[in-house]
$ cat final-v9.txt   # compact mmCIF, C-alpha atoms
# COMPACT_ATOMS: atom_id res chain seq x y z
CA MET U 1 18.09 -38.99 43.33
CA LYS U 2 17.09 -42.51 42.18
CA ARG U 3 14.59 -41.01 39.72
CA SER U 4 17.27 -38.70 38.33
CA VAL U 5 19.72 -41.57 37.82
CA SER U 6 17.03 -43.73 36.16
CA PHE U 7 16.07 -40.84 33.88
CA LEU U 8 19.68 -40.37 32.83
CA LEU U 9 20.12 -44.10 32.15
CA VAL U 10 16.99 -44.12 29.96
CA LEU U 11 18.28 -41.12 27.99
CA VAL U 12 21.67 -42.78 27.50
CA SER U 13 20.05 -45.99 26.26
CA LEU U 14 17.99 -43.97 23.76
CA PHE U 15 21.19 -42.60 22.23
CA GLY U 16 22.69 -46.06 21.97
CA CYS U 17 26.23 -47.27 22.37
CA GLU U 18 28.68 -48.48 19.70
CA LYS U 19 32.40 -48.84 19.12
CA VAL U 20 33.48 -45.88 17.03
CA LYS U 21 36.67 -46.24 14.99
CA PRO U 22 39.07 -43.28 14.61
CA TYR U 23 38.13 -42.71 10.95
CA GLU U 24 34.43 -42.54 11.94
CA LYS U 25 34.94 -39.60 14.30
CA MET U 26 34.58 -36.71 11.84
CA TYR U 27 31.43 -35.46 13.62
CA LEU U 28 32.88 -35.92 17.12
CA ASN U 29 36.07 -34.03 16.22
CA VAL U 30 34.22 -30.85 15.24
CA GLU U 31 35.34 -27.97 17.49
CA GLU U 32 31.85 -27.41 18.95
CA MET U 33 31.60 -31.09 19.95
CA LYS U 34 34.56 -30.94 22.35
CA LEU U 35 33.55 -31.84 25.89
CA SER U 36 35.59 -29.05 27.44
CA ASN U 37 34.45 -25.44 27.70
CA PRO U 38 35.81 -23.12 25.00
CA LYS U 39 38.47 -20.78 26.41
CA ILE U 40 36.26 -17.73 25.92
CA LYS U 41 33.93 -19.10 28.64
CA ILE U 42 36.63 -18.86 31.34
CA TYR U 43 35.34 -15.48 32.46
CA GLU U 44 31.75 -16.73 32.80
CA THR U 45 32.60 -19.73 34.97
CA ASN U 46 34.63 -17.37 37.17
CA PHE U 47 32.01 -14.68 37.78
CA GLN U 48 29.28 -17.32 38.18
CA SER U 49 31.31 -18.98 40.97
CA TYR U 50 31.65 -15.54 42.64
CA ARG U 51 27.99 -14.50 42.32
CA GLU U 52 26.54 -17.89 43.27
CA GLY U 53 27.40 -20.03 46.27
CA ALA U 54 28.06 -23.01 44.01
CA SER U 55 31.26 -23.78 42.12
CA GLY U 56 32.98 -26.68 40.41
CA GLY U 57 31.79 -29.55 38.25
CA ASN U 58 32.49 -27.57 35.10
CA GLY U 59 36.26 -27.55 34.75
CA GLY U 60 36.44 -24.02 36.11
CA LYS U 61 37.34 -22.36 39.41
CA THR U 62 36.43 -24.47 42.40
CA GLY U 63 37.77 -22.41 45.25
CA GLY U 64 40.89 -20.65 46.34
CA GLY U 65 43.18 -18.33 44.44
CA CYS U 66 40.85 -15.34 44.64
CA GLY U 67 39.34 -12.93 47.16
CA CYS U 68 35.97 -14.63 46.94
CA ASN U 69 33.84 -17.18 48.82
CA MET M 1 63.21 -56.55 -17.16
CA GLN M 2 65.70 -53.77 -16.50
CA LEU M 3 62.90 -51.25 -17.07
CA LYS M 4 60.69 -53.09 -14.55
CA LEU M 5 63.55 -53.11 -12.04
CA PHE M 6 64.09 -49.41 -12.60
CA TYR M 7 60.39 -48.67 -12.02
CA LEU M 8 60.41 -50.81 -8.87
CA ILE M 9 63.43 -49.00 -7.41
CA PHE M 10 61.93 -45.62 -8.39
CA PHE M 11 58.66 -46.49 -6.65
CA ILE M 12 60.41 -47.62 -3.44
CA LEU M 13 62.53 -44.46 -3.29
CA THR M 14 59.64 -42.05 -3.87
CA SER M 15 57.35 -43.79 -1.36
CA ASN M 16 60.06 -43.47 1.31
CA PHE M 17 60.47 -39.82 0.42
CA LEU M 18 56.71 -39.21 0.76
CA THR M 19 56.66 -40.96 4.14
CA ALA M 20 59.57 -38.83 5.33
CA GLN M 21 57.70 -35.71 4.19
CA GLU M 22 54.59 -36.83 6.10
CA ASP M 23 56.72 -37.42 9.21
CA THR M 24 58.25 -33.98 8.82
CA GLU M 25 54.86 -32.39 8.22
CA ALA M 26 53.37 -34.31 11.14
CA SER M 27 56.19 -33.29 13.46
CA LYS M 28 55.87 -29.68 12.29
CA GLN M 29 52.15 -29.81 13.09
CA ARG M 30 52.82 -31.29 16.55
CA GLU M 31 55.27 -28.49 17.33
CA LYS M 32 52.91 -25.62 16.46
CA ILE M 33 52.35 -23.20 19.28
CA LYS M 34 48.74 -22.19 19.87
CA ALA M 35 47.89 -18.86 21.42
CA ASP M 36 44.63 -17.33 22.58
CA LEU M 37 44.30 -13.62 23.29
CA LEU M 38 41.18 -12.95 25.33
CA LEU M 39 39.56 -9.77 26.54
CA ASN M 40 36.59 -9.54 28.86
CA TYR M 41 34.45 -6.65 30.06
CA TYR M 42 32.07 -7.34 32.92
CA ASP M 43 29.60 -4.73 34.20
CA GLN M 44 27.38 -5.53 37.16
CA ASP M 45 24.93 -3.65 39.36
CA GLY M 46 22.80 -4.54 42.36
CA GLU M 47 21.59 -3.26 45.71
CA HIS M 48 22.79 -5.85 48.26
CA SER M 49 26.45 -5.14 48.85
CA PRO M 50 27.90 -7.31 51.68
CA VAL M 51 30.38 -4.51 52.46
CA THR M 52 27.43 -2.45 53.74
CA ALA M 53 25.61 -5.39 55.42
CA GLY M 54 23.50 -6.50 52.48
CA VAL M 55 22.28 -3.07 51.35
CA GLY M 56 23.96 -0.63 49.01
CA SER M 57 25.41 -0.51 45.55
CA GLU M 58 27.12 -3.55 44.03
CA ASP M 59 28.18 -1.51 41.01
CA GLN M 60 31.33 -3.09 39.58
CA GLN M 61 33.22 -3.15 36.31
CA VAL M 62 36.01 -5.53 35.40
CA LEU M 63 38.28 -5.27 32.37
CA ALA M 64 40.30 -8.47 32.06
CA PRO M 65 42.79 -9.28 29.31
CA MET M 66 44.34 -12.76 29.28
CA ILE M 67 46.76 -14.73 27.18
CA ILE M 68 46.82 -18.53 26.97
CA LEU M 69 49.74 -20.31 25.34
CA ASN M 70 49.80 -23.98 24.43
CA ILE M 71 53.42 -24.92 23.69
CA PRO M 72 54.27 -28.44 22.54
CA VAL M 73 57.93 -29.45 22.75
CA GLY M 74 58.67 -32.53 20.69
CA THR M 75 55.96 -35.17 20.71
CA HIS M 76 55.73 -35.86 24.44
CA HIS M 77 55.97 -32.53 26.26
CA LEU M 78 53.35 -29.80 26.54
CA PHE M 79 53.36 -26.47 28.38
CA ASP M 80 50.13 -24.62 29.04
CA LEU M 81 50.60 -21.04 30.28
CA LYS M 82 47.89 -18.59 31.38
CA LEU M 83 48.59 -14.93 32.19
CA GLY M 84 45.94 -12.39 33.07
CA VAL M 85 45.32 -9.01 34.64
CA ASP M 86 41.88 -8.13 36.06
CA ASN M 87 41.24 -4.38 36.45
CA ILE M 88 38.38 -4.00 38.93
CA THR M 89 36.41 -0.87 39.74
CA SER M 90 34.00 -1.40 42.61
CA ALA M 91 31.73 1.09 44.36
CA SER M 92 31.19 -1.25 47.33
CA THR M 93 34.85 -1.78 48.28
CA ASP M 94 35.07 1.98 48.32
CA ARG M 95 32.68 1.85 51.33
CA ILE M 96 35.13 -0.09 53.54
CA ASP M 97 36.41 3.22 54.87
CA GLY M 98 33.07 4.96 54.49
CA THR M 99 34.48 7.65 52.21
CA SER M 100 33.20 8.52 48.76
CA SER M 101 36.48 7.78 47.05
CA SER M 102 39.58 5.89 48.11
CA ALA M 103 42.36 3.70 46.81
CA SER M 104 40.27 0.58 47.40
CA LYS M 105 37.78 1.69 44.71
CA ASN M 106 40.19 0.47 42.03
CA ASP M 107 41.90 -2.87 42.27
CA THR M 108 44.12 -4.93 40.03
CA ARG M 109 44.44 -8.71 40.22
CA VAL M 110 47.37 -10.34 38.47
CA HIS M 111 47.28 -14.11 37.93
CA ALA M 112 49.34 -16.73 36.18
CA ASN M 113 49.69 -20.48 36.10
CA LEU M 114 51.76 -22.96 34.17
CA TRP M 115 50.94 -26.62 33.52
CA TYR M 116 53.59 -29.05 32.24
CA ASP M 117 52.29 -32.33 30.82
CA TYR M 118 54.33 -35.34 29.78
CA GLU M 119 52.71 -37.88 27.49
CA PHE M 120 54.20 -41.34 27.73
CA HIS M 121 53.22 -44.58 26.02
CA GLU M 122 49.92 -46.45 26.47
CA LYS M 123 48.02 -43.15 26.02
CA GLN M 124 48.81 -41.82 29.46
CA SER M 125 50.01 -38.43 30.61
CA ILE M 126 51.03 -36.80 33.83
CA GLY M 127 51.18 -33.12 34.60
CA VAL M 128 52.36 -30.68 37.25
CA MET M 129 51.30 -27.06 37.82
CA GLY M 130 52.41 -23.95 39.67
CA GLY M 131 50.83 -20.54 39.81
CA PHE M 132 50.06 -17.40 41.72
CA SER M 133 47.63 -14.52 41.93
CA ALA M 134 47.81 -11.19 43.73
CA GLU M 135 45.35 -8.39 44.43
CA TYR M 136 45.39 -5.58 46.95
CA ASP M 137 44.26 -7.71 49.91
CA VAL M 138 44.90 -11.33 48.87
CA ARG M 139 47.95 -13.15 47.57
CA SER M 140 47.68 -16.75 46.46
CA LEU M 141 50.07 -19.55 45.61
CA GLN M 142 48.85 -22.69 43.91
CA GLY M 143 50.17 -26.08 42.88
CA GLY M 144 48.75 -29.21 41.36
CA VAL M 145 49.27 -32.55 39.69
CA ARG M 146 47.17 -34.45 37.19
CA TYR M 147 47.02 -37.80 35.43
CA GLY M 148 45.16 -38.77 32.28
CA ILE M 149 44.55 -42.05 30.49
CA LYS M 150 42.75 -42.92 27.27
CA SER M 151 41.50 -46.28 26.03
CA ILE M 152 43.28 -47.84 23.04
CA ASP M 153 40.45 -46.80 20.70
CA GLU M 154 40.30 -43.34 22.41
CA ASN M 155 36.59 -43.75 23.00
CA ARG M 156 37.05 -43.46 26.76
CA ASP M 157 39.07 -40.94 28.70
CA PHE M 158 39.75 -40.47 32.42
CA ASN M 159 41.51 -37.55 34.13
CA ILE M 160 42.24 -36.87 37.77
CA THR M 161 43.58 -33.55 39.12
CA VAL M 162 44.63 -32.55 42.61
CA GLN M 163 45.20 -28.86 43.38
CA TYR M 164 46.19 -26.86 46.44
CA PHE M 165 45.70 -23.11 46.97
CA ARG M 166 47.21 -21.06 49.78
CA ASP M 167 45.57 -17.64 50.05
CA ALA M 168 47.12 -15.07 52.40
CA TRP M 169 44.88 -12.14 53.33
CA ASP M 170 45.57 -8.66 54.63
CA LEU M 171 42.94 -8.30 57.34
CA ILE M 172 41.35 -5.03 56.26
CA TYR M 173 38.39 -4.35 58.54
CA PRO M 174 35.65 -1.75 58.12
CA ILE M 175 36.97 1.52 59.55
CA GLU M 176 34.71 1.46 62.63
CA PHE M 177 36.22 -1.85 63.84
CA ARG M 178 39.91 -1.03 63.63
CA ALA M 179 40.27 0.57 67.06
CA ASP M 180 39.12 -2.56 68.98
CA THR M 181 41.74 -5.33 68.71
CA SER M 182 39.47 -7.85 70.50
CA LEU M 183 37.50 -8.18 67.27
CA LEU M 184 40.49 -9.33 65.24
CA LEU M 185 39.97 -12.58 63.34
CA LYS M 186 42.19 -15.49 64.35
CA GLU M 187 43.14 -16.59 60.84
CA ASP M 188 44.54 -14.70 57.90
CA VAL M 189 45.18 -17.62 55.54
CA ARG M 190 42.89 -19.93 53.60
CA ASP M 191 43.87 -23.40 52.41
CA SER M 192 41.89 -25.04 49.61
CA TYR M 193 42.30 -28.66 48.52
CA ASN M 194 40.61 -29.66 45.26
CA LEU M 195 40.16 -33.17 43.86
CA SER M 196 38.66 -33.30 40.38
CA MET M 197 37.86 -36.36 38.25
CA THR M 198 36.45 -36.43 34.72
CA TYR M 199 35.34 -39.45 32.69
CA SER M 200 34.46 -39.04 28.99
CA HIS M 201 32.76 -41.61 26.78
CA VAL M 202 32.06 -41.80 23.05
CA PHE M 203 28.68 -43.47 22.68
CA THR M 204 27.99 -43.20 18.95
CA ARG M 205 29.44 -41.41 15.91
CA ARG M 206 27.31 -38.38 16.83
CA PHE M 207 27.08 -38.48 20.64
CA GLN M 208 29.64 -38.18 23.40
CA ALA M 209 29.31 -37.29 27.07
CA SER M 210 31.35 -36.71 30.21
CA ILE M 211 30.85 -36.65 33.94
CA THR M 212 32.94 -34.50 36.30
CA SER M 213 33.15 -34.67 40.08
CA ASP M 214 34.83 -32.03 42.25
CA PHE M 215 35.54 -32.41 45.96
CA ILE M 216 36.78 -29.25 47.64
CA TYR M 217 37.85 -28.81 51.26
CA GLN M 218 38.67 -25.35 52.55
CA SER M 219 40.02 -24.34 55.94
CA GLY M 220 41.14 -21.15 57.63
CA LEU M 221 39.73 -17.70 56.88
CA LEU M 222 36.53 -18.32 54.89
CA SER M 223 34.82 -14.99 55.57
CA THR M 224 35.71 -11.61 54.04
CA PRO M 225 37.12 -9.30 56.76
CA PHE M 226 35.52 -6.08 55.45
CA HIS M 227 31.99 -7.48 55.04
CA ARG M 228 29.54 -6.04 57.60
CA VAL M 229 26.52 -7.59 59.35
CA ASN M 230 23.68 -5.66 61.04
CA PHE M 231 21.96 -7.54 63.88
CA SER M 232 18.30 -7.39 64.84
CA ASP M 233 19.15 -5.12 67.80
CA GLN M 234 20.88 -2.69 65.39
CA THR M 235 24.37 -3.52 66.60
CA VAL M 236 27.02 -4.28 63.97
CA ASP M 237 29.69 -6.94 63.47
CA ILE M 238 31.96 -8.18 60.71
CA GLU M 239 31.07 -11.26 58.70
CA ARG M 240 32.00 -14.46 60.53
CA LEU M 241 31.95 -17.94 58.98
CA PRO M 242 33.20 -21.37 60.15
CA ASP M 243 36.86 -22.18 59.60
CA SER M 244 36.15 -25.17 57.38
CA ARG M 245 33.95 -25.90 54.38
CA LEU M 246 33.37 -29.04 52.31
CA LYS M 247 31.96 -28.69 48.78
CA VAL M 248 30.89 -31.40 46.32
CA ALA M 249 29.96 -30.74 42.69
CA LEU M 250 28.84 -33.31 40.08
CA GLY M 251 28.53 -32.15 36.49
CA THR M 252 27.66 -33.90 33.24
CA ARG M 253 27.93 -32.81 29.60
CA TRP M 254 26.04 -34.32 26.67
CA HIS M 255 27.02 -33.22 23.15
CA TYR M 256 25.09 -34.38 20.07
CA PHE M 257 25.88 -33.72 16.39
CA TRP M 258 22.48 -33.60 14.61
CA ASN M 259 23.69 -32.55 11.16
CA ASP M 260 26.19 -30.21 9.44
CA TYR M 261 24.22 -27.18 10.70
CA PHE M 262 23.07 -28.07 14.18
CA ILE M 263 24.75 -29.31 17.40
CA THR M 264 23.41 -29.35 20.96
CA ARG M 265 25.60 -28.99 24.04
CA PHE M 266 23.75 -29.80 27.29
CA TYR M 267 25.21 -29.38 30.78
CA TYR M 268 23.82 -30.19 34.23
CA ARG M 269 25.46 -29.74 37.62
CA PHE M 270 24.43 -30.74 41.15
CA TYR M 271 26.14 -28.90 44.06
CA TRP M 272 26.19 -29.47 47.82
CA ASP M 273 28.23 -27.99 50.66
CA ASP M 274 28.18 -28.11 54.47
CA PHE M 275 27.07 -24.48 54.64
CA GLU M 276 23.74 -26.10 53.58
CA ILE M 277 23.80 -24.71 50.04
CA LEU M 278 22.19 -27.11 47.55
CA GLY M 279 22.33 -26.05 43.92
CA ASN M 280 21.19 -27.22 40.50
CA THR M 281 22.46 -25.74 37.24
CA ILE M 282 21.44 -26.49 33.67
CA GLU M 283 22.84 -25.00 30.49
CA LEU M 284 22.01 -25.44 26.83
CA GLU M 285 24.11 -24.20 23.92
CA VAL M 286 23.05 -24.70 20.31
CA PRO M 287 25.85 -24.04 17.79
CA VAL M 288 24.30 -23.30 14.40
CA LYS M 289 26.69 -23.40 11.44
CA VAL M 290 25.38 -20.55 9.30
CA LYS M 291 28.30 -20.93 6.89
CA PRO M 292 31.17 -23.47 6.89
CA ASN M 293 33.41 -20.94 8.67
CA PHE M 294 30.81 -18.98 10.66
CA THR M 295 28.86 -20.31 13.65
CA LEU M 296 26.24 -18.65 15.84
CA THR M 297 25.67 -20.16 19.27
CA PRO M 298 22.70 -19.00 21.33
CA PHE M 299 22.88 -20.19 24.94
CA VAL M 300 20.88 -20.15 28.14
CA ARG M 301 21.87 -21.14 31.67
CA TYR M 302 19.66 -21.45 34.76
CA HIS M 303 20.87 -21.88 38.33
CA ALA M 304 18.91 -22.27 41.57
CA GLN M 305 20.25 -22.82 45.07
CA SER M 306 19.05 -23.01 48.64
CA GLY M 307 20.59 -20.46 51.02
CA SER M 308 23.35 -21.06 53.54
CA LYS M 309 22.24 -21.51 57.15
CA TYR M 310 24.58 -18.62 58.03
CA PHE M 311 22.85 -16.11 55.74
CA ALA M 312 20.21 -13.58 56.73
CA GLU M 313 19.16 -10.23 55.33
CA ASN M 314 20.16 -6.90 56.85
CA GLY M 315 18.87 -6.44 60.43
CA ILE M 316 17.73 -10.06 60.90
CA HIS M 317 20.74 -11.83 62.43
CA ASP M 318 20.65 -12.83 66.10
CA PRO M 319 23.34 -10.78 67.93
CA LEU M 320 24.30 -13.95 69.86
CA SER M 321 24.96 -15.98 66.68
CA GLU M 322 28.49 -17.31 66.30
CA PHE M 323 28.45 -17.22 62.47
CA HIS M 324 26.64 -14.70 60.27
CA THR M 325 26.74 -13.21 56.80
CA SER M 326 24.60 -10.93 54.66
CA ASP M 327 26.43 -11.82 51.46
CA TYR M 328 23.69 -12.54 48.92
CA ASP M 329 26.06 -14.86 47.00
CA LEU M 330 25.34 -17.34 49.82
CA SER M 331 21.57 -16.75 49.93
CA LYS M 332 18.64 -18.67 48.46
CA LEU M 333 18.66 -17.47 44.86
CA SER M 334 17.99 -18.28 41.26
CA SER M 335 19.72 -16.79 38.25
CA ILE M 336 19.43 -16.89 34.50
CA PHE M 337 22.22 -16.18 32.04
CA TYR M 338 21.59 -16.02 28.31
CA GLY M 339 23.23 -14.63 25.20
CA LEU M 340 24.91 -15.30 21.91
CA GLN M 341 28.37 -16.30 20.70
CA MET M 342 29.73 -15.70 17.20
CA HIS M 343 32.67 -17.74 15.93
CA TYR M 344 34.49 -16.99 12.68
CA SER M 345 37.33 -19.08 11.20
CA PRO M 346 39.12 -17.17 8.41
CA ILE M 347 39.52 -19.36 5.32
CA LYS M 348 42.70 -17.52 4.37
CA GLY M 349 43.94 -17.06 7.92
CA LYS M 350 47.65 -17.30 7.14
CA LEU M 351 49.20 -13.87 7.67
CA PHE M 352 52.86 -14.60 7.02
CA LYS M 353 55.13 -17.66 6.97
CA SER M 354 53.66 -20.00 9.61
CA PHE M 355 51.56 -17.45 11.54
CA GLN M 356 47.87 -18.21 11.19
CA ILE M 357 44.64 -16.84 12.64
CA ASP M 358 42.59 -19.89 13.55
CA GLY M 359 39.46 -18.18 14.86
CA ILE M 360 37.78 -15.07 16.20
CA ASP M 361 35.11 -15.30 18.91
CA LEU M 362 32.71 -12.72 20.29
CA ARG M 363 30.44 -13.71 23.16
CA TYR M 364 27.82 -11.66 25.02
CA GLY M 365 25.70 -12.78 27.96
CA TYR M 366 23.18 -11.11 30.27
CA PHE M 367 23.08 -12.29 33.89
CA ASP M 368 19.96 -11.73 36.00
CA ARG M 369 19.80 -12.83 39.64
CA ASP M 370 16.40 -12.80 41.34
CA ASP M 371 17.54 -10.42 44.11
CA GLY M 372 17.98 -7.67 41.52
CA LEU M 373 21.68 -8.10 40.65
CA THR M 374 22.23 -7.88 36.92
CA ALA M 375 25.36 -8.03 34.78
CA ASN M 376 26.48 -7.71 31.17
CA ASN M 377 29.41 -9.87 30.12
CA PHE M 378 31.33 -9.27 26.86
CA SER M 379 34.19 -11.53 25.80
CA LEU M 380 36.42 -11.29 22.73
CA GLY M 381 38.94 -13.93 21.69
CA PHE M 382 41.54 -14.39 18.96
CA SER M 383 43.12 -17.80 18.35
CA PHE M 384 46.47 -18.08 16.60
CA SER M 385 48.93 -20.81 15.75
CA PHE M 386 52.56 -20.41 14.69

$ encode --input "final-v9.txt" --output "structure tokens"
Amino acid sequence: MKRSVSFLLVLVSLFGCEKVKPYEKMYLNVEEMKLSNPKIKIYETNFQSYREGASGGNGGKTGGGCGCN
Amino acid sequence: MQLKLFYLIFFILTSNFLTAQEDTEASKQREKIKADLLLNYYDQDGEHSPVTAGVGSEDQQVLAPMIILNIPVGTHHLFDLKLGVDNITSASTDRIDGTSSSASKNDTRVHANLWYDYEFHEKQSIGVMGGFSAEYDVRSLQGGVRYGIKSIDENRDFNITVQYFRDAWDLIYPIEFRADTSLLLKEDVRDSYNLSMTYSHVFTRRFQASITSDFIYQSGLLSTPFHRVNFSDQTVDIERLPDSRLKVALGTRWHYFWNDYFITRFYYRFYWDDFEILGNTIELEVPVKVKPNFTLTPFVRYHAQSGSKYFAENGIHDPLSEFHTSDYDLSKLSSIFYGLQMHYSPIKGKLFKSFQIDGIDLRYGYFDRDDGLTANNFSLGFSFSF
């Protein structure tokens, strides 16, 4: 776990960190850059939560509301 | 002098007019309704059906249309409505009664939920949700609240959501168990409590990331009444699982804009629950802008998990065990899912007056689980605004 966290911190530092002004966000505002899943992926997150024991952490179904585990 | 005064007055009047037009245009844009029409076809097959104790066909097809409406009202109110109907054909549920064809072979699940969000000053919003779903053996009611806050520069974003699900089951047992009432399960409802938190951060002009944590607690009926288990002494029981379950999921997304043609979307998730399932999931999507209005996105997803302590294959379970399942969804497994998405944004998408097609998406993925279950997943989506 500690190694994983250290690895992530190193990766983040490689990408850098800066204050980005609203008019500098033309790349970040591209549709494919959005941090949420596109709506068309709803079905995938659902069937993956049914066919695998794991769910959640992806903005999708976490449990309840279906006849599934 | 009079000419200069005239020009000055003319300039002031026209600039006010232009501002008013911008306000009107801006308010018109804020009030646009966005709609997504989605259609999904899912086709799976496998040989470990839990209805027949971990052996038997898992052949299943699902045809699922859905509509999602995003309705802004004024500048502060937003309604988000989802309506869907899943049409399910399943060979395994047909085996509950042991006959070759029955009403349970075809099932329809209807689901809907509505979020209302109110955005108030200081870049904060609150929301409330209600919803339901119903299929032949389960009916569910759901409710939730959420809160979101953004930093002044909108480079940081935090959201917290709390949801509750109440699932009521019809206890449909395999036909051979219905005569003996001593085997009846004690619970026929399931309560699920979900706490979800997401933090997003803009790091550079080309890189942003988020981290999501989900904490889920479930209680009540957690097994499926018509799932069978074969013991090592060849006796049979229904699936039995504990009446509580705690799940924790931590996910992170990293999105990087390399250039006008190439973006990478990376996702990783860690999962743990007290059924002793530990899971790791990674996904990579690479949107490639072939043309300004046409994008191809190949993707690949890999998942691996340890098995639940309550799982065993057909004929392995100890007949004295209190809890037991042969549902391979809860077993030690790995899966890979890969495919391609096409996205097209019509340049001249306006059909009439204010009705516009914003985008068309087609997405195909192939799912392969290491126990032999495979699936093809096709999704089609149309995005409109009006």

$ residues_around --input "final-v9.txt" --residues "range 15-27 of chain U" --least-positions-apart "6" --cutoff "7 Å" --atoms "all atoms listed in the file" --output "JSON list (two decimals) with C-alpha atoms, keeping the file's coordinate frame"
[["chain", "number", "residue", "atom", "x", "y", "z"],
["M", 153, "ASP", "CA", 40.45, -46.80, 20.70],
["M", 203, "PHE", "CA", 28.68, -43.47, 22.68],
["M", 204, "THR", "CA", 27.99, -43.20, 18.95],
["M", 205, "ARG", "CA", 29.44, -41.41, 15.91],
["M", 206, "ARG", "CA", 27.31, -38.38, 16.83],
["M", 257, "PHE", "CA", 25.88, -33.72, 16.39]]

$ closest_residue --input "final-v9.txt" --among "M:Lys186, M:His317, M:Lys309, M:Arg240" --to "Trp169 in chain M" --atoms "only C-alpha atoms"
M:Lys186

$ atom_distance --input "final-v9.txt" --atom1 "CA of Ile88 in chain M" --atom2 "CA of Ala312 in chain M"
27.2 Å

$ residues_near_point --input "final-v9.txt" --point "(40.7, -10.4, 53.6)" --cutoff "8 Å" --atoms "all atoms listed in the file" --output "JSON, numbers by chain"
{"U": [67], "M": [137, 138, 169, 170, 171, 172, 188, 223, 224, 225, 226]}

$ closest_residue --input "final-v9.txt" --among "M:Lys289, M:Asp371, M:Ala35, M:Asn40" --to "Tyr43 in chain U" --atoms "all atoms listed in the file"
M:Asn40

$ atom_distance --input "final-v9.txt" --atom1 "CA of Ile357 in chain M" --atom2 "CA of Asn293 in chain M"
12.6 Å

$ atom_distance --input "final-v9.txt" --atom1 "CA of Tyr338 in chain M" --atom2 "CA of Phe378 in chain M"
11.9 Å

$ closest_residue --input "final-v9.txt" --among "M:Asp327, M:Asp318, M:Glu285, M:Asp86" --to "Glu32 in chain U" --atoms "all atoms listed in the file"
M:Glu285

$ closest_residue --input "final-v9.txt" --among "U:Asn29, U:Gly53, U:Phe47, U:Lys39" --to "chain M" --atoms "all atoms listed in the file"
U:Gly53

$ closest_residue --input "final-v9.txt" --among "M:Thr198, M:Asn377, M:Ser308, M:Thr75" --to "Tyr41 in chain M" --atoms "only C-alpha atoms"
M:Asn377

$ residues_around --input "final-v9.txt" --residues "Glu58 in chain M" --least-positions-apart "4" --cutoff "10 Å" --atoms "all atoms listed in the file" --output "list in words"
Gln44, Asp45, Gly46, Glu47, His48, Ser49, Pro50, Val51, Thr52, Gly54, Ser90, Ala91, Ser92, Thr93, Leu373 and Thr374 of chain M
